[in-house]
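Undergrad: Structure below; questions to follow.
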Amino acid sequence: QFDHGFYRARYGLAEAADAVRDYCDTGWRKGRNPRPDFDGQAYLDAHPGVRETGLAPLVHFLATALLHGTDISAGAFQPRYGAPDSRDAALRDEARAIEPFFDAAYYAKRNPDAAGAPGGPLAHFVAYGQHEGRDPSGTFSIAFYTETYGHLLAPGESPFLHYVRTGRSAGLMAAPEDLGTYPPMDAPEP
């Protein structure tokens, strides 16, 4: 009932990562969906008490179906909480992932047209700026990253999103002046 391929591709999970565990532990709380035809937020909105149980929406849905004797075998799964709007959901997922690394003040100053955009500078960057080659911060260059690591990007993948999800932890440089982030440098104890 869980779509591993969809979940890994949509949320940038490595092949070795346990997608079901990610969804059940933290993914559903971040608004992630376990399959393209199940909108967890809509399920939570329709069943407000589920959030208090601590169960992921799909787990609650399946447990309830089993409790009521509903057939959930392959082909019989008919979620009543249809697919989320894929473009909006994908943009929200990207925004959540890159927000900690996005410099809104820098972006707004460099791109005055984005300062008053609906949703603010982050929403503008995710929807338009990253595809137009606008840099999200003073420490990340889309042009540099694409030229240097473009062969690592999936077709249509945002360079900044790749950096946030994969490149940063792998020590890839974010800009020509960057010395990389791997291995992490910790200051010695005083």
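Just remember, in the structure tokens the first chain shown is A, the second B, etc., residues are 1-based per chain, and ligands are 1-based in the order shown.
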Stretch 148-170 of chain A near stretch 117-136 of chain A within 8 Å: what's each residue's closest atom pair and its distance in Å to one decimal, counting only C-alpha atoms, ordered by chain then ascending residue number, as a Markdown table?
TA:
```
| residue | atom | partner | partner_atom | distance |
| --- | --- | --- | --- | --- |
| A:Ser158 | CA | A:Gln130 | CA | 6.8 |
| A:Pro159 | CA | A:Gln130 | CA | 8.0 |
| A:Phe160 | CA | A:Gln130 | CA | 7.6 |
```
Undergrad: What's around stretch 23-27 of chain A at 9 Å? Count only C-alpha atoms, leave out sequence neighbours fewer than 6 positions away in its own chain, and write the answer as a PDB file with C-alpha atoms, in the first residue's frame.
TA:
```
ATOM      1  CA  TYR A   7       8.200   8.514  -1.864  1.00  0.00           C
ATOM      2  CA  ASN A  33       2.463  11.707   1.299  1.00  0.00           C
ATOM      3  CA  PRO A  34       3.053   7.932   1.088  1.00  0.00           C
ATOM      4  CA  LEU A  55      -0.052   7.502  13.952  1.00  0.00           C
ATOM      5  CA  ALA A  56       0.787   8.399  10.383  1.00  0.00           C
ATOM      6  CA  PRO A  57      -2.384   9.081   8.338  1.00  0.00           C
ATOM      7  CA  LEU A  58      -1.891   6.087   6.011  1.00  0.00           C
ATOM      8  CA  VAL A  59      -1.251   3.758   8.969  1.00  0.00           C
TER       9      VAL A  59
END
```
Undergrad: Between atom CA of A:Thr146 and atom CA of A:Ala104, what is the distance in Å, rounded to a tenth?
TA: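 So the two atoms, atom CA of A:Thr146 and atom CA of A:Ala104, lie 21.4 Å apart.
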Undergrad: Select from stretch 23-164 of chain A everything DSSP, run on the backbone, classes as alpha helix (DSSP H), then give the selection as a PyMOL selection string.
TA: chain A and resi 40-46+50-53+57-67+86-98+104-110+112-115+120-124+142-149+159-162
Undergrad: Have a look at atom CA of A:Gly49 and atom CA of A:Thr64 and let me know their distance in Å, one decimal.
TA: 13.1 Å
Undergrad: Which residues are near stretch 147-155 of chain A? Cut-off 12 Å, only C-alpha atoms, ignore same chain within fewer than 4 positions. Put them as JSON, numbers by chain.
TA: {"A": [9, 10, 12, 133, 141, 142, 143, 159, 160, 161, 162, 163, 165, 166, 167, 170, 171, 172, 173, 174, 175, 176]}
Undergrad: For N, CA and C atoms, I'd like the residues from the last selection saved as an mmCIF file, in the first residue's frame.
TA:
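Everything below was put into part_26.cif:
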```cif
data_model
loop_
_atom_site.group_PDB
_atom_site.id
_atom_site.type_symbol
_atom_site.label_atom_id
_atom_site.label_comp_id
_atom_site.auth_asym_id
_atom_site.auth_seq_id
_atom_site.Cartn_x
_atom_site.Cartn_y
_atom_site.Cartn_z
ATOM 1 N N ALA A 9 11.545 9.276 -4.706
ATOM 2 C CA ALA A 9 11.772 10.285 -5.744
ATOM 3 C C ALA A 9 11.250 11.654 -5.321
ATOM 4 N N ARG A 10 10.079 11.685 -4.717
ATOM 5 C CA ARG A 10 9.440 12.956 -4.353
ATOM 6 C C ARG A 10 10.188 13.678 -3.245
ATOM 7 N N GLY A 12 13.438 12.865 -2.110
ATOM 8 C CA GLY A 12 14.894 12.803 -2.199
ATOM 9 C C GLY A 12 15.557 11.837 -1.245
ATOM 10 N N GLY A 133 17.791 30.985 -12.631
ATOM 11 C CA GLY A 133 19.202 31.099 -12.278
ATOM 12 C C GLY A 133 19.512 32.118 -11.204
ATOM 13 N N SER A 141 25.870 29.493 -5.507
ATOM 14 C CA SER A 141 25.776 29.954 -6.891
ATOM 15 C C SER A 141 25.128 28.864 -7.740
ATOM 16 N N ILE A 142 23.943 29.148 -8.254
ATOM 17 C CA ILE A 142 23.252 28.175 -9.111
ATOM 18 C C ILE A 142 24.077 27.898 -10.362
ATOM 19 N N ALA A 143 24.641 28.936 -10.981
ATOM 20 C CA ALA A 143 25.428 28.754 -12.204
ATOM 21 C C ALA A 143 26.643 27.871 -11.933
ATOM 22 N N PRO A 159 19.181 22.733 -8.722
ATOM 23 C CA PRO A 159 20.536 22.617 -8.172
ATOM 24 C C PRO A 159 20.577 22.882 -6.660
ATOM 25 N N PHE A 160 19.826 23.880 -6.205
ATOM 26 C CA PHE A 160 19.854 24.201 -4.778
ATOM 27 C C PHE A 160 19.214 23.094 -3.954
ATOM 28 N N LEU A 161 18.130 22.522 -4.436
ATOM 29 C CA LEU A 161 17.485 21.426 -3.726
ATOM 30 C C LEU A 161 18.421 20.221 -3.675
ATOM 31 N N HIS A 162 19.132 19.945 -4.769
ATOM 32 C CA HIS A 162 20.106 18.845 -4.784
ATOM 33 C C HIS A 162 21.190 19.104 -3.745
ATOM 34 N N TYR A 163 21.662 20.341 -3.693
ATOM 35 C CA TYR A 163 22.693 20.686 -2.721
ATOM 36 C C TYR A 163 22.199 20.476 -1.289
ATOM 37 N N ARG A 165 19.695 18.574 -0.192
ATOM 38 C CA ARG A 165 19.384 17.177 0.127
ATOM 39 C C ARG A 165 20.594 16.245 0.065
ATOM 40 N N THR A 166 21.510 16.503 -0.861
ATOM 41 C CA THR A 166 22.588 15.549 -1.099
ATOM 42 C C THR A 166 23.973 16.179 -1.089
ATOM 43 N N GLY A 167 24.140 17.232 -1.869
ATOM 44 C CA GLY A 167 25.457 17.809 -2.078
ATOM 45 C C GLY A 167 26.136 18.339 -0.838
ATOM 46 N N ALA A 170 27.617 15.624 1.184
ATOM 47 C CA ALA A 170 28.698 14.970 0.438
ATOM 48 C C ALA A 170 29.924 15.868 0.315
ATOM 49 N N GLY A 171 29.811 17.115 0.789
ATOM 50 C CA GLY A 171 30.942 18.031 0.756
ATOM 51 C C GLY A 171 31.129 18.755 -0.557
ATOM 52 N N LEU A 172 30.099 18.788 -1.405
ATOM 53 C CA LEU A 172 30.211 19.501 -2.671
ATOM 54 C C LEU A 172 30.247 21.007 -2.411
ATOM 55 N N MET A 173 30.975 21.706 -3.235
ATOM 56 C CA MET A 173 31.103 23.146 -3.073
ATOM 57 C C MET A 173 29.845 23.854 -3.545
ATOM 58 N N ALA A 174 29.428 24.870 -2.812
ATOM 59 C CA ALA A 174 28.213 25.616 -3.132
ATOM 60 C C ALA A 174 28.495 26.803 -4.040
ATOM 61 N N ALA A 175 29.714 27.283 -4.025
ATOM 62 C CA ALA A 175 30.119 28.435 -4.820
ATOM 63 C C ALA A 175 31.626 28.329 -5.052
ATOM 64 N N PRO A 176 32.182 29.069 -6.007
ATOM 65 C CA PRO A 176 33.614 28.959 -6.268
ATOM 66 C C PRO A 176 34.476 29.270 -5.045
#
```
Undergrad: Near A:Glu94, within 9 Å and counting only C-alpha atoms, which residues show up once chain neighbours fewer than 4 positions away are dropped, as a ChimeraX atom specification?
TA: /A:11,89-90,98-99,126,161
Undergrad: What does the file look like for those residues with all heavy atoms, as a PDB file, in the first residue's frame?
TA:
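For reference, part_31.pdb as written:
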```pdb
ATOM      1  N   TYR A  11      10.706  12.912  -2.281  1.00  0.00           N
ATOM      2  CA  TYR A  11      11.320  13.540  -1.113  1.00  0.00           C
ATOM      3  C   TYR A  11      12.836  13.366  -1.041  1.00  0.00           C
ATOM      4  O   TYR A  11      13.452  13.672  -0.026  1.00  0.00           O
ATOM      5  CB  TYR A  11      10.634  13.041   0.161  1.00  0.00           C
ATOM      6  CG  TYR A  11       9.142  13.272   0.084  1.00  0.00           C
ATOM      7  CD1 TYR A  11       8.251  12.211   0.009  1.00  0.00           C
ATOM      8  CD2 TYR A  11       8.626  14.562   0.043  1.00  0.00           C
ATOM      9  CE1 TYR A  11       6.887  12.430  -0.096  1.00  0.00           C
ATOM     10  CE2 TYR A  11       7.269  14.790  -0.073  1.00  0.00           C
ATOM     11  CZ  TYR A  11       6.402  13.725  -0.135  1.00  0.00           C
ATOM     12  OH  TYR A  11       5.050  13.942  -0.257  1.00  0.00           O
ATOM     13  N   ALA A  89       1.949  20.928  -4.038  1.00  0.00           N
ATOM     14  CA  ALA A  89       2.541  20.073  -3.004  1.00  0.00           C
ATOM     15  C   ALA A  89       4.045  19.952  -3.208  1.00  0.00           C
ATOM     16  O   ALA A  89       4.817  20.015  -2.244  1.00  0.00           O
ATOM     17  CB  ALA A  89       1.893  18.696  -3.019  1.00  0.00           C
ATOM     18  N   ALA A  90       4.473  19.803  -4.444  1.00  0.00           N
ATOM     19  CA  ALA A  90       5.903  19.698  -4.724  1.00  0.00           C
ATOM     20  C   ALA A  90       6.623  20.998  -4.350  1.00  0.00           C
ATOM     21  O   ALA A  90       7.715  20.959  -3.778  1.00  0.00           O
ATOM     22  CB  ALA A  90       6.132  19.367  -6.196  1.00  0.00           C
ATOM     23  N   ILE A  98      14.371  23.603   1.685  1.00  0.00           N
ATOM     24  CA  ILE A  98      15.432  24.602   1.497  1.00  0.00           C
ATOM     25  C   ILE A  98      15.339  25.796   2.434  1.00  0.00           C
ATOM     26  O   ILE A  98      16.304  26.552   2.555  1.00  0.00           O
ATOM     27  CB  ILE A  98      15.477  25.094   0.034  1.00  0.00           C
ATOM     28  CG1 ILE A  98      14.245  25.904  -0.327  1.00  0.00           C
ATOM     29  CG2 ILE A  98      15.698  23.947  -0.915  1.00  0.00           C
ATOM     30  CD1 ILE A  98      14.298  26.522  -1.697  1.00  0.00           C
ATOM     31  N   GLU A  99      14.226  25.952   3.122  1.00  0.00           N
ATOM     32  CA  GLU A  99      14.037  27.147   3.968  1.00  0.00           C
ATOM     33  C   GLU A  99      15.183  27.413   4.936  1.00  0.00           C
ATOM     34  O   GLU A  99      15.630  28.552   5.062  1.00  0.00           O
ATOM     35  CB  GLU A  99      12.716  27.055   4.718  1.00  0.00           C
ATOM     36  CG  GLU A  99      12.415  28.305   5.513  1.00  0.00           C
ATOM     37  CD  GLU A  99      11.032  28.276   6.133  1.00  0.00           C
ATOM     38  OE1 GLU A  99      10.462  27.182   6.303  1.00  0.00           O
ATOM     39  OE2 GLU A  99      10.522  29.361   6.443  1.00  0.00           O
ATOM     40  N   VAL A 126      11.297  29.349  -5.154  1.00  0.00           N
ATOM     41  CA  VAL A 126      10.938  27.970  -5.460  1.00  0.00           C
ATOM     42  C   VAL A 126      10.156  27.884  -6.771  1.00  0.00           C
ATOM     43  O   VAL A 126      10.407  27.005  -7.593  1.00  0.00           O
ATOM     44  CB  VAL A 126      10.148  27.343  -4.287  1.00  0.00           C
ATOM     45  CG1 VAL A 126       9.573  26.001  -4.674  1.00  0.00           C
ATOM     46  CG2 VAL A 126      11.043  27.195  -3.074  1.00  0.00           C
ATOM     47  N   LEU A 161      18.130  22.522  -4.436  1.00  0.00           N
ATOM     48  CA  LEU A 161      17.485  21.426  -3.726  1.00  0.00           C
ATOM     49  C   LEU A 161      18.421  20.221  -3.675  1.00  0.00           C
ATOM     50  O   LEU A 161      18.531  19.551  -2.646  1.00  0.00           O
ATOM     51  CB  LEU A 161      16.160  21.051  -4.392  1.00  0.00           C
ATOM     52  CG  LEU A 161      15.331  19.985  -3.684  1.00  0.00           C
ATOM     53  CD1 LEU A 161      14.937  20.465  -2.286  1.00  0.00           C
ATOM     54  CD2 LEU A 161      14.091  19.651  -4.499  1.00  0.00           C
TER      55      LEU A 161
END
```
Undergrad: Between A:His4, A:Arg35, A:Glu177, A:Trp28, which has the minimum distance to A:Ala16 (counting only C-alpha atoms)?
TA: A:His4
Undergrad: Which is closest to A:Tyr106 among A:Phe61, A:Leu13, A:Arg32, A:Gly138, if we use only C-alpha atoms?
TA: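 Of the candidates, the smallest distance to A:Tyr106 is held by A:Gly138.
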Undergrad: Using atom CA of A:Phe6 and atom CA of A:Leu91 as the two end points, give the distance in Å to one decimal.
TA: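 Atom-to-atom, atom CA of A:Phe6 to atom CA of A:Leu91, that is 15.8 Å.
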